[in-house]
file work-v1.txt (compact mmCIF, C-alpha atoms)
# COMPACT_ATOMS: atom_id res chain seq x y z
CA MET A 230 3.65 34.62 34.09
CA ASN A 231 2.81 32.44 31.12
CA ARG A 232 -0.54 32.04 29.39
CA ARG A 233 -1.44 28.81 31.22
CA GLU A 234 -0.84 30.42 34.63
CA PHE A 235 -2.96 33.43 33.67
CA LEU A 236 -5.86 31.40 32.30
CA THR A 237 -5.91 29.01 35.28
CA GLY A 238 -5.77 31.89 37.75
CA TYR A 239 -2.35 31.03 39.15
CA PHE A 240 -0.73 34.27 40.28
CA GLY A 241 1.87 32.86 42.67
CA PRO A 242 5.63 32.79 42.18
CA HIS A 243 6.79 31.10 38.99
CA ARG A 244 7.91 27.51 39.56
CA ALA A 245 9.76 25.83 36.74
CA SER A 246 8.69 22.24 36.10
CA ILE A 247 11.28 19.56 36.69
CA ARG A 248 10.88 16.97 33.97
CA PRO A 249 11.93 13.33 34.40
CA PRO A 250 15.56 12.48 33.67
CA GLY A 251 16.34 12.15 29.98
CA ALA A 252 13.60 14.62 28.98
CA LEU A 253 14.00 16.45 25.70
CA PRO A 254 14.67 20.18 26.16
CA GLY A 255 11.79 22.65 26.66
CA ASP A 256 9.25 22.82 23.85
CA GLU A 257 10.63 19.66 22.24
CA PHE A 258 9.46 17.72 25.29
CA THR A 259 5.94 19.18 25.32
CA ALA A 260 5.62 18.64 21.57
CA ALA A 261 6.69 14.98 21.79
CA CYS A 262 4.96 13.95 25.03
CA SER A 263 1.44 12.54 24.58
CA ARG A 264 0.84 12.62 28.37
CA CYS A 265 0.18 8.88 28.36
CA ALA A 266 1.52 8.40 31.92
CA ALA A 267 3.70 5.42 30.98
CA CYS A 268 6.66 7.05 32.71
CA ILE A 269 4.58 7.71 35.83
CA GLU A 270 3.56 4.06 36.04
CA ALA A 271 7.11 2.84 35.34
CA CYS A 272 8.87 4.91 38.02
CA PRO A 273 9.86 2.53 40.85
CA GLU A 274 10.42 5.47 43.21
CA HIS A 275 6.93 6.95 42.52
CA ILE A 276 8.32 10.46 42.19
CA ILE A 277 6.92 11.22 38.74
CA ILE A 278 3.50 12.85 38.92
CA ARG A 279 1.08 14.56 36.55
CA GLY A 280 1.98 18.21 36.65
CA SER A 281 0.92 21.34 34.86
CA GLY A 282 -0.93 20.53 31.65
CA ARG A 283 -0.90 16.85 32.73
CA PHE A 284 2.75 16.59 31.65
CA PRO A 285 5.00 14.42 33.84
CA GLU A 286 7.01 16.23 36.51
CA ILE A 287 9.29 15.16 39.32
CA ASP A 288 8.00 15.52 42.88
CA PHE A 289 11.00 15.26 45.17
CA SER A 290 8.79 15.42 48.27
CA GLN A 291 8.05 11.75 47.56
CA GLY A 292 11.71 10.68 47.44
CA GLY A 293 14.75 10.82 45.22
CA CYS A 294 15.62 9.67 41.72
CA THR A 295 17.86 6.62 41.34
CA PHE A 296 18.50 7.37 37.64
CA CYS A 297 17.34 3.85 36.75
CA ASN A 298 16.11 4.79 33.24
CA ALA A 299 12.75 3.05 33.80
CA CYS A 300 10.79 6.16 32.83
CA ALA A 301 12.75 6.68 29.62
CA ALA A 302 12.49 2.99 28.71
CA ALA A 303 8.70 3.14 29.15
CA CYS A 304 8.20 6.30 27.07
CA PRO A 305 6.54 5.38 23.74
CA ASP A 306 6.81 8.91 22.34
CA GLY A 307 10.55 9.57 22.55
CA ALA A 308 9.99 12.55 24.88
CA LEU A 309 12.26 10.81 27.39
CA VAL A 310 15.54 9.49 26.05
CA GLU A 311 17.51 6.74 27.76
CA PHE A 312 20.80 7.99 29.15
CA ASP A 313 24.07 6.46 30.31
CA THR A 314 23.47 5.49 33.94
CA ASP A 315 27.09 6.40 34.76
CA THR A 316 26.33 10.06 34.08
CA VAL A 317 23.88 12.47 35.67
CA PRO A 318 21.11 13.25 33.14
CA TRP A 319 20.32 16.77 34.33
CA ASP A 320 21.86 19.91 35.79
CA LEU A 321 19.85 20.03 39.02
CA LYS A 322 21.58 20.91 42.27
CA ALA A 323 20.27 21.07 45.83
CA GLY A 324 20.06 24.35 47.70
CA ILE A 325 19.55 24.87 51.42
CA GLY A 326 17.29 27.71 52.52
CA ASP A 327 17.27 29.91 55.59
CA THR A 328 14.58 27.80 57.29
CA CYS A 329 17.04 24.90 57.71
CA LEU A 330 17.08 23.72 61.32
CA ALA A 331 20.90 23.60 61.45
CA VAL A 332 21.15 27.12 59.99
CA ASN A 333 18.89 28.16 62.89
CA ALA A 334 21.09 26.51 65.56
CA VAL A 335 19.08 23.27 65.92
CA THR A 336 21.09 20.10 65.42
CA CYS A 337 19.88 18.21 62.35
CA ARG A 338 21.81 16.10 59.85
CA VAL A 339 19.13 14.10 58.06
CA CYS A 340 19.97 15.59 54.65
CA GLY A 341 23.59 14.49 54.97
CA ASP A 342 22.53 11.01 56.06
CA ALA A 343 20.27 10.68 53.00
CA CYS A 344 22.88 11.95 50.50
CA ASN A 345 24.29 8.91 48.67
CA SER A 346 26.85 11.00 46.79
CA ALA A 347 28.19 12.55 50.03
CA ALA A 348 27.64 16.02 48.57
CA ILE A 349 26.39 17.42 51.88
CA CYS A 350 28.93 18.00 54.62
CA PHE A 351 28.60 19.80 57.93
CA LYS A 352 30.87 22.61 59.06
CA LEU A 353 31.01 23.31 62.79
CA GLN A 354 29.98 26.86 63.67
CA PRO A 355 30.49 28.91 66.82
CA GLY A 356 27.90 27.76 69.32
CA GLY A 357 28.38 24.07 68.53
CA VAL A 358 25.84 23.42 65.77
CA ALA A 359 27.22 22.16 62.48
CA ARG A 360 25.69 23.73 59.36
CA PRO A 361 25.13 21.85 56.10
CA GLN A 362 27.04 22.81 52.99
CA ILE A 363 26.60 21.40 49.51
CA ASN A 364 29.41 20.46 47.17
CA SER A 365 27.90 21.36 43.81
CA GLU A 366 30.56 19.31 42.02
CA THR A 367 29.41 16.04 43.58
CA CYS A 368 25.67 16.79 43.97
CA THR A 369 23.81 14.65 41.44
CA GLY A 370 20.48 16.41 41.91
CA CYS A 371 18.82 13.13 42.91
CA GLY A 372 16.60 14.90 45.46
CA GLU A 373 16.90 12.39 48.29
CA CYS A 374 17.68 15.26 50.66
CA VAL A 375 14.46 17.11 49.75
CA ALA A 376 12.10 14.38 50.95
CA VAL A 377 13.79 13.86 54.31
CA CYS A 378 14.11 17.52 55.33
CA PRO A 379 11.72 18.02 58.26
CA VAL A 380 11.17 21.72 57.43
CA GLN A 381 11.20 21.52 53.60
CA SER A 382 14.23 23.81 53.48
CA ILE A 383 15.93 22.04 50.57
CA THR A 384 14.95 22.83 47.01
CA MET A 385 16.28 21.75 43.63
CA HIS A 386 17.59 24.34 41.17
CA ARG A 387 18.81 24.26 37.58
CA GLN A 388 21.96 26.11 38.58
CA PRO A 389 23.73 26.01 41.91
CA PRO A 390 22.01 28.55 44.17
CA ALA A 391 23.86 30.92 46.45
CA ILE A 392 24.85 29.22 49.69
CA ALA A 393 22.74 30.38 52.65
CA ASN A 394 24.34 33.12 54.74
CA GLY A 395 27.44 33.43 52.55
CA ASP A 396 29.02 30.08 53.38
CA THR A 397 31.45 28.48 50.98
CA PRO A 398 30.63 25.01 49.65
CA CYS A 399 32.33 21.82 50.78
CA PRO A 400 35.67 21.07 49.15
CA SER A 401 35.39 18.22 46.65
CA SER A 402 37.83 16.11 48.68
CA ILE A 403 35.48 15.88 51.67
CA SER A 404 33.45 12.71 51.74
CA VAL A 405 30.83 12.94 54.50
CA ALA A 406 31.62 15.41 57.27
CA CYS A 407 33.84 18.47 57.43
call {"tool": "encode", "arguments": {"input": "work-v1.txt", "output": "structure tokens"}}
result
Amino acid sequence: MNRREFLTGYFGPHRASIRPPGALPGDEFTAACSRCAACIEACPEHIIIRGSGRFPEIDFSQGGCTFCNACAAACPDGALVEFDTDTVPWDLKAGIGDTCLAVNAVTCRVCGDACNSAAICFKLQPGGVARPQINSETCTGCGECVAVCPVQSITMHRQPPAIANGDTPCPSSISVAC
């Protein structure tokens, strides 16, 4: 628990803030950002919100990031740096939790349909329901899959999380479905 969480009375599980793409690392970002909201207003996907301390954060429940650089271009403080749009500007990866409908034997493939990088494939399991698996090599961390999940089972992590129930991830040669 950090000082801000203690003083505001937040005693829940620690949730790391996800800064907009191109954000300076850690304390450099909070030192440079004036909290002007220019990046929030510039985001065409409307996924940047005012978060803890009124600093900008990404809210993937609203949609995914297209890595358009609009937020970085609008930043007057240099807290967000424009990046090469051919590269992924962060190390976020999607993770599928145990509440996933397909993990619980209910047919659902909306996350795979929303994944533009084809990083989510489905492996048929005994009983006939295909389960989603994430290829961490091709996952861009855009978050499109988070917004469409009907049970909010997908979360974004700084490092690839363990695959639910011990599954192995999709091979990198698979494009859409296993």
call {"tool": "residues_around", "arguments": {"input": "work-v1.txt", "residues": "segment 269-286 of chain A", "least_positions_apart": "2", "cutoff": "7 Å", "atoms": "all atoms listed in the file", "output": "PDB file with C-alpha atoms, in the coordinates of the input"}}
result
ATOM      1  CA  SER A 246       8.690  22.240  36.100  1.00  0.00           C
ATOM      2  CA  ILE A 247      11.280  19.560  36.690  1.00  0.00           C
ATOM      3  CA  ARG A 248      10.880  16.970  33.970  1.00  0.00           C
ATOM      4  CA  PRO A 249      11.930  13.330  34.400  1.00  0.00           C
ATOM      5  CA  ARG A 264       0.840  12.620  28.370  1.00  0.00           C
ATOM      6  CA  ALA A 266       1.520   8.400  31.920  1.00  0.00           C
ATOM      7  CA  ALA A 267       3.700   5.420  30.980  1.00  0.00           C
ATOM      8  CA  ASP A 288       8.000  15.520  42.880  1.00  0.00           C
ATOM      9  CA  PHE A 289      11.000  15.260  45.170  1.00  0.00           C
ATOM     10  CA  GLN A 291       8.050  11.750  47.560  1.00  0.00           C
ATOM     11  CA  GLY A 292      11.710  10.680  47.440  1.00  0.00           C
ATOM     12  CA  CYS A 294      15.620   9.670  41.720  1.00  0.00           C
ATOM     13  CA  ALA A 299      12.750   3.050  33.800  1.00  0.00           C
ATOM     14  CA  CYS A 300      10.790   6.160  32.830  1.00  0.00           C
ATOM     15  CA  ALA A 303       8.700   3.140  29.150  1.00  0.00           C
TER      16      ALA A 303
END
call {"tool": "closest_residue", "arguments": {"input": "work-v1.txt", "among": "A:Cys378, A:Leu321, A:Leu309, A:Ile363", "to": "Arg338 of chain A", "atoms": "only C-alpha atoms"}}
result
A:Cys378
call {"tool": "atom_distance", "arguments": {"input": "work-v1.txt", "atom1": "atom CA of Asn364 of chain A", "atom2": "atom CA of Ser346 of chain A"}}
result
9.8 Å
call {"tool": "atom_distance", "arguments": {"input": "work-v1.txt", "atom1": "atom CA of Val317 of chain A", "atom2": "atom CA of Ser365 of chain A"}}
result
12.7 Å
call {"tool": "atom_distance", "arguments": {"input": "work-v1.txt", "atom1": "atom CA of Glu311 of chain A", "atom2": "atom CA of Ala347 of chain A"}}
result
25.4 Å
call {"tool": "closest_residue", "arguments": {"input": "work-v1.txt", "among": "A:Ala245, A:Val380, A:Ala334, A:Ala323", "to": "Thr367 of chain A", "atoms": "all atoms listed in the file"}}
result
A:Ala323
call {"tool": "closest_residue", "arguments": {"input": "work-v1.txt", "among": "A:Thr384, A:Cys265, A:Phe296, A:Cys304", "to": "Leu253 of chain A", "atoms": "only C-alpha atoms"}}
result
A:Cys304
call {"tool": "closest_residue", "arguments": {"input": "work-v1.txt", "among": "A:Gly357, A:Pro250, A:Pro305, A:Gly341", "to": "Cys262 of chain A", "atoms": "only C-alpha atoms"}}
result
A:Pro305
call {"tool": "closest_residue", "arguments": {"input": "work-v1.txt", "among": "A:Asp320, A:Glu366, A:Asp315, A:Asp306", "to": "Arg387 of chain A", "atoms": "only C-alpha atoms"}}
result
A:Asp320
call {"tool": "closest_residue", "arguments": {"input": "work-v1.txt", "among": "A:Cys297, A:Ser382, A:Ile325, A:Gly255", "to": "Asp313 of chain A", "atoms": "all atoms listed in the file"}}
result
A:Cys297
call {"tool": "build_atoms", "arguments": {"input": "work-v1.txt", "residues": "segment 254-274 of chain A", "atoms": "N, CA and C atoms", "output": "PDB file, keeping the file's coordinate frame"}}
result
ATOM      1  N   PRO A 254      14.694  18.802  25.665  1.00  0.00           N
ATOM      2  CA  PRO A 254      14.670  20.180  26.160  1.00  0.00           C
ATOM      3  C   PRO A 254      13.366  20.913  25.829  1.00  0.00           C
ATOM      4  N   GLY A 255      12.898  21.720  26.794  1.00  0.00           N
ATOM      5  CA  GLY A 255      11.790  22.650  26.660  1.00  0.00           C
ATOM      6  C   GLY A 255      10.612  22.254  25.800  1.00  0.00           C
ATOM      7  N   ASP A 256      10.401  23.025  24.734  1.00  0.00           N
ATOM      8  CA  ASP A 256       9.250  22.820  23.850  1.00  0.00           C
ATOM      9  C   ASP A 256       9.315  21.497  23.095  1.00  0.00           C
ATOM     10  N   GLU A 257      10.506  20.967  22.902  1.00  0.00           N
ATOM     11  CA  GLU A 257      10.630  19.660  22.240  1.00  0.00           C
ATOM     12  C   GLU A 257       9.923  18.591  23.080  1.00  0.00           C
ATOM     13  N   PHE A 258      10.087  18.685  24.390  1.00  0.00           N
ATOM     14  CA  PHE A 258       9.460  17.720  25.290  1.00  0.00           C
ATOM     15  C   PHE A 258       7.941  17.816  25.198  1.00  0.00           C
ATOM     16  N   THR A 259       7.393  19.031  25.329  1.00  0.00           N
ATOM     17  CA  THR A 259       5.940  19.180  25.320  1.00  0.00           C
ATOM     18  C   THR A 259       5.345  18.832  23.958  1.00  0.00           C
ATOM     19  N   ALA A 260       6.107  19.015  22.895  1.00  0.00           N
ATOM     20  CA  ALA A 260       5.620  18.640  21.570  1.00  0.00           C
ATOM     21  C   ALA A 260       5.603  17.124  21.385  1.00  0.00           C
ATOM     22  N   ALA A 261       6.577  16.429  21.971  1.00  0.00           N
ATOM     23  CA  ALA A 261       6.690  14.980  21.790  1.00  0.00           C
ATOM     24  C   ALA A 261       5.840  14.186  22.776  1.00  0.00           C
ATOM     25  N   CYS A 262       5.654  14.701  23.971  1.00  0.00           N
ATOM     26  CA  CYS A 262       4.960  13.950  25.030  1.00  0.00           C
ATOM     27  C   CYS A 262       3.450  13.908  24.772  1.00  0.00           C
ATOM     28  N   SER A 263       2.892  12.702  24.770  1.00  0.00           N
ATOM     29  CA  SER A 263       1.440  12.540  24.580  1.00  0.00           C
ATOM     30  C   SER A 263       0.689  12.516  25.913  1.00  0.00           C
ATOM     31  N   ARG A 264       1.423  12.627  27.023  1.00  0.00           N
ATOM     32  CA  ARG A 264       0.840  12.620  28.370  1.00  0.00           C
ATOM     33  C   ARG A 264       0.154  11.296  28.689  1.00  0.00           C
ATOM     34  N   CYS A 265       0.756  10.217  28.196  1.00  0.00           N
ATOM     35  CA  CYS A 265       0.180   8.880  28.360  1.00  0.00           C
ATOM     36  C   CYS A 265       0.335   8.300  29.757  1.00  0.00           C
ATOM     37  N   ALA A 266       1.249   8.838  30.546  1.00  0.00           N
ATOM     38  CA  ALA A 266       1.520   8.400  31.920  1.00  0.00           C
ATOM     39  C   ALA A 266       2.321   7.105  32.015  1.00  0.00           C
ATOM     40  N   ALA A 267       2.884   6.637  30.921  1.00  0.00           N
ATOM     41  CA  ALA A 267       3.700   5.420  30.980  1.00  0.00           C
ATOM     42  C   ALA A 267       4.910   5.616  31.890  1.00  0.00           C
ATOM     43  N   CYS A 268       5.504   6.786  31.863  1.00  0.00           N
ATOM     44  CA  CYS A 268       6.660   7.050  32.710  1.00  0.00           C
ATOM     45  C   CYS A 268       6.262   7.113  34.183  1.00  0.00           C
ATOM     46  N   ILE A 269       5.084   7.628  34.456  1.00  0.00           N
ATOM     47  CA  ILE A 269       4.580   7.710  35.830  1.00  0.00           C
ATOM     48  C   ILE A 269       4.398   6.305  36.392  1.00  0.00           C
ATOM     49  N   GLU A 270       3.801   5.438  35.608  1.00  0.00           N
ATOM     50  CA  GLU A 270       3.560   4.060  36.040  1.00  0.00           C
ATOM     51  C   GLU A 270       4.860   3.268  36.168  1.00  0.00           C
ATOM     52  N   ALA A 271       5.865   3.601  35.345  1.00  0.00           N
ATOM     53  CA  ALA A 271       7.110   2.840  35.340  1.00  0.00           C
ATOM     54  C   ALA A 271       8.074   3.232  36.455  1.00  0.00           C
ATOM     55  N   CYS A 272       7.920   4.409  37.028  1.00  0.00           N
ATOM     56  CA  CYS A 272       8.870   4.910  38.020  1.00  0.00           C
ATOM     57  C   CYS A 272       8.807   4.071  39.304  1.00  0.00           C
ATOM     58  N   PRO A 273       9.891   3.353  39.638  1.00  0.00           N
ATOM     59  CA  PRO A 273       9.860   2.530  40.850  1.00  0.00           C
ATOM     60  C   PRO A 273       9.902   3.358  42.136  1.00  0.00           C
ATOM     61  N   GLU A 274      10.344   4.611  42.036  1.00  0.00           N
ATOM     62  CA  GLU A 274      10.420   5.470  43.210  1.00  0.00           C
ATOM     63  C   GLU A 274       9.130   6.260  43.437  1.00  0.00           C
TER      64      GLU A 274
END
